[in-house]
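Student: To start, I am sharing the structure in question, which I have written as C-alpha cells.
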Amino acid sequence: MRRVLITSRSFGQVSDEPLNLLTDAGFEVDFYNVKYEEKEFIQKLSGCDALIIGANQLTEEAVAAAVKLKVVSKHGTGLDNIDLDVTKKYKIHVTNVPAANSNAVADLAFSLMLDVARKTSYASNKVKKGQWPKVIGVDVCGKTLSLIGFGEIGKCVARRARGFSMNVLAYDPYIKKLPDEFNFVKLATFEEALGNADFLSVHVPLTSGTRGLIDKNELQMMKKGSFIINTSRGGIVSEDDLIESIEKGHTAGAGLDVLETEPINAGSRLAELDQVTITPHIGMYSHEAINTVSMVAAQNVIEFFEKSE
C-alpha cells in the first residue's frame with residue numbers, strides 16, 4: 001500500500017471527501033500538521049510515496065531521506081516553499097493547484113481594500129473599546145486600481161472592481177493582449193501602474209525576480225494617499241520601506257494577508273500602525289476553496305500513480 005503524508009493544516013478541514021478520495025484509491029494516509037520541526041517532518045516523510053504539502057519548507061535533507069518519495073502535491077498555488085532544483089535532482093514530480101482558490105483570494109483582496117479605505121477594522125476596534133469616534137475614510141468607487149499581475153486572481157479582482165466603477169490598470173509582462181471580457185481594463189507599464197494607482201493590489205508569485213518588487217523607490221512613485229494590498233506573498237513588498245512610507249504620510253495604508261515572516265513577530269512595527277490591516281494568510285480559507293484545493297491536490301497524487309503504472 002502506498003503512503004501519503006499530508007502537512008497542510010487545512011486539507012480536508014471542511015469535508016471528508018478529499019481524505020476518502022485517497023483512501024478509496026488505496027492510499028494509507030498520515031498527517032503531520034502540528035508545529036513544524038524539521039527532524040520530526042523528515043521522520044514522518046521517510047517511507048512515504050507521496051507528499052501533500054502546505055506552507056512548510058521542503059529541503060534537500062528531507063527529500064534525500066525520503067527514498068520512496070515520487071510526487072509532491074502542493075495544497076495551493078505557490079511553490080516558493082519547495083526547492084524545485086532539489087526535486088528535479090531527485091526526479092520527484094511536483095504538482096500544484098492553480099486557479100481553484102482565485103475567487104476566495106480575490107474576495108479577501110477586495111475586502112482588505114474596502115477595509116483600509118473606510119478604516120473598518122480600525123473603527124470597529126475603537127467601538128469595542130468603548131469609544132465612538134468619527135472615522136473618515138475615502139471612497140473606493142470610481143478610483144483607480146492597479147493590478148500587479150493579471151493571472152486568474154488578478155482577473156477575479158478586476159471583475160469585482162468593475163462593480164465599483166473603478167478604473168482598472170493591469171501590469172503583466174507576460175500578457176500582450178487582454179480577452180474581450182476585460183475590455184474595461186487597460187494594460188499598463190509597471191511605472192504607469194504605480195504612478196496612477198489609488199489602490200495597488202499585488203498578484204504575482206514570490207521569485208528571485210519579484211522579491212522586493214515594491215520597495216522604497218516604487219512606493220515613492222505612487223501617489224500620496226495611495227494604498228497597498230498584498231494577498232500574494234510576503235517579501236514582494238518591503239515591509240521596512242512600507243512602514244517608513246506610512247509613517248511619513250506618503251502611503252495612506254495597507255491591507256496585508258501575507259508577511260515576510262509568518263506568524264508575525266512579537267512587537268512588529270507593522271502591527272502597531274493603525275493604517276494597516278493584517279490577516280493571518282487566510283486568502284484561500286473559504287469553505288469552497290479549501291474543499292476544491294484539497295480535492296485537486298489529492299487527485300493530483302492519484303493521477304500521478306495511475307499514469308506511472
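Ligands are numbered from 1 in the order shown, residues from 1 within each chain, and chains are lettered A, B, ... in the order they appear in the C-alpha cells.
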With range 77-90 of chain A as the partner and 9 Å as the cut-off, tabulate the residues of range 181-220 of chain A that qualify, each row holding the nearest pair of atoms and their distance in Å to one decimal, using only C-alpha atoms, sorted by chain and rising number, as CSV.
Tutor:
residue,atom,partner,partner_atom,distance
A:Pro205,CA,A:Gly78,CA,6.4
A:Leu206,CA,A:Asp80,CA,6.4
A:Thr207,CA,A:Asp80,CA,7.1
Student: Would you mind listing what lies within 8 Å of Leu21 in chain A as an MDAnalysis selection string, with only C-alpha atoms counted and same-chain residues fewer than 5 positions away left out?
Tutor: chainID A and resid 295 298:299
Student: Give me the residues within 9 Å of Gln275 in chain A as JSON, numbers by chain, counting only C-alpha atoms and dropping any in the same chain fewer than 3 places off.
Tutor: {"A": [116, 119, 122, 246, 252, 253, 254, 255, 272]}
Student: Give me, as a ChimeraX atom specification, the residues of range 196-272 of chain A that a backbone DSSP run labels strand (DSSP E or B).
Tutor: /A:199-202,214,226-230,237,251-256
Student: If you run DSSP on the backbone here, which positions in range 15-175 of chain A get helix (DSSP H, G or I)? Please write them as a ChimeraX atom specification.
Tutor: /A:17-24,38-45,60-65,84-89,102-118,120-128,152-163
Student: Counting only C-alpha atoms, which residues of range 152-268 of chain A fall within 7 Å of range 278-290 of chain A, and what is the closest atom pair for each with its distance in Å at one decimal, ordered by chain and rising number, as JSON lines?
Tutor:
{"residue": "A:Thr231", "atom": "CA", "partner": "A:Gly283", "partner_atom": "CA", "distance": 6.6}
{"residue": "A:Gly255", "atom": "CA", "partner": "A:Ile278", "partner_atom": "CA", "distance": 6.0}
{"residue": "A:Leu256", "atom": "CA", "partner": "A:Ile278", "partner_atom": "CA", "distance": 4.8}
{"residue": "A:Asp257", "atom": "CA", "partner": "A:Thr279", "partner_atom": "CA", "distance": 4.7}
{"residue": "A:Val258", "atom": "CA", "partner": "A:His281", "partner_atom": "CA", "distance": 5.3}
Student: Can you work out which one of A:Cys141, A:Lys223, A:Lys39, A:Asp49 has the shortest atom-to-atom distance to Glu61 in chain A, counting only C-alpha atoms?
Tutor: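 Going through A:Cys141, A:Lys223, A:Lys39, A:Asp49 one by one, the smallest distance to Glu61 in chain A is for A:Lys39.
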Student: Can you tell me which residues surround Glu38 in chain A at a distance of at most 10 Å, considering only C-alpha atoms, apart from same-chain residues fewer than 6 positions away, and format the answer as a PDB file with all heavy atoms, in the first residue's frame?
Tutor:
ATOM      1  N   LYS A  44       8.670  11.569   9.572  1.00  0.00           N
ATOM      2  CA  LYS A  44       7.327  11.283   9.059  1.00  0.00           C
ATOM      3  C   LYS A  44       7.355  11.003   7.556  1.00  0.00           C
ATOM      4  O   LYS A  44       6.654  10.120   7.053  1.00  0.00           O
ATOM      5  CB  LYS A  44       6.396  12.465   9.345  1.00  0.00           C
ATOM      6  CG  LYS A  44       5.887  12.545  10.769  1.00  0.00           C
ATOM      7  CD  LYS A  44       4.718  11.604  10.964  1.00  0.00           C
ATOM      8  CE  LYS A  44       4.034  11.811  12.285  1.00  0.00           C
ATOM      9  NZ  LYS A  44       2.850  10.926  12.453  1.00  0.00           N
ATOM     10  N   ASN A  56       4.979  24.549   4.810  1.00  0.00           N
ATOM     11  CA  ASN A  56       6.304  24.251   5.366  1.00  0.00           C
ATOM     12  C   ASN A  56       7.336  24.049   4.257  1.00  0.00           C
ATOM     13  O   ASN A  56       7.008  23.690   3.123  1.00  0.00           O
ATOM     14  CB  ASN A  56       6.256  23.000   6.255  1.00  0.00           C
ATOM     15  CG  ASN A  56       5.857  21.759   5.505  1.00  0.00           C
ATOM     16  OD1 ASN A  56       4.700  21.582   5.161  1.00  0.00           O
ATOM     17  ND2 ASN A  56       6.816  20.874   5.243  1.00  0.00           N
ATOM     18  N   GLN A  57       8.595  24.297   4.593  1.00  0.00           N
ATOM     19  CA  GLN A  57       9.675  24.174   3.615  1.00  0.00           C
ATOM     20  C   GLN A  57       9.966  22.704   3.304  1.00  0.00           C
ATOM     21  O   GLN A  57       9.901  21.844   4.183  1.00  0.00           O
ATOM     22  CB  GLN A  57      10.951  24.832   4.149  1.00  0.00           C
ATOM     23  CG  GLN A  57      10.855  26.350   4.266  1.00  0.00           C
ATOM     24  CD  GLN A  57      10.730  27.019   2.908  1.00  0.00           C
ATOM     25  OE1 GLN A  57      11.420  26.665   1.963  1.00  0.00           O
ATOM     26  NE2 GLN A  57       9.852  28.008   2.825  1.00  0.00           N
ATOM     27  N   LEU A  58      10.288  22.447   2.051  1.00  0.00           N
ATOM     28  CA  LEU A  58      10.740  21.111   1.645  1.00  0.00           C
ATOM     29  C   LEU A  58      12.204  21.236   1.260  1.00  0.00           C
ATOM     30  O   LEU A  58      12.542  21.793   0.217  1.00  0.00           O
ATOM     31  CB  LEU A  58       9.918  20.586   0.472  1.00  0.00           C
ATOM     32  CG  LEU A  58      10.279  19.171   0.005  1.00  0.00           C
ATOM     33  CD1 LEU A  58      10.026  18.163   1.119  1.00  0.00           C
ATOM     34  CD2 LEU A  58       9.486  18.797  -1.244  1.00  0.00           C
ATOM     35  N   THR A  59      13.081  20.743   2.112  1.00  0.00           N
ATOM     36  CA  THR A  59      14.522  20.911   1.932  1.00  0.00           C
ATOM     37  C   THR A  59      15.141  19.674   1.292  1.00  0.00           C
ATOM     38  O   THR A  59      14.531  18.594   1.220  1.00  0.00           O
ATOM     39  CB  THR A  59      15.197  21.147   3.287  1.00  0.00           C
ATOM     40  OG1 THR A  59      15.015  19.971   4.099  1.00  0.00           O
ATOM     41  CG2 THR A  59      14.595  22.355   4.000  1.00  0.00           C
ATOM     42  N   GLU A  61      17.549  17.963   2.533  1.00  0.00           N
ATOM     43  CA  GLU A  61      17.745  16.951   3.575  1.00  0.00           C
ATOM     44  C   GLU A  61      16.521  16.053   3.697  1.00  0.00           C
ATOM     45  O   GLU A  61      16.633  14.824   3.811  1.00  0.00           O
ATOM     46  CB  GLU A  61      18.041  17.622   4.914  1.00  0.00           C
ATOM     47  CG  GLU A  61      18.363  16.633   6.020  1.00  0.00           C
ATOM     48  CD  GLU A  61      18.668  17.307   7.346  1.00  0.00           C
ATOM     49  OE1 GLU A  61      18.673  18.555   7.390  1.00  0.00           O
ATOM     50  OE2 GLU A  61      18.893  16.588   8.339  1.00  0.00           O
ATOM     51  N   ALA A  62      15.335  16.658   3.652  1.00  0.00           N
ATOM     52  CA  ALA A  62      14.102  15.885   3.761  1.00  0.00           C
ATOM     53  C   ALA A  62      13.894  15.012   2.529  1.00  0.00           C
ATOM     54  O   ALA A  62      13.520  13.835   2.636  1.00  0.00           O
ATOM     55  CB  ALA A  62      12.915  16.824   3.954  1.00  0.00           C
TER      56      ALA A  62
END
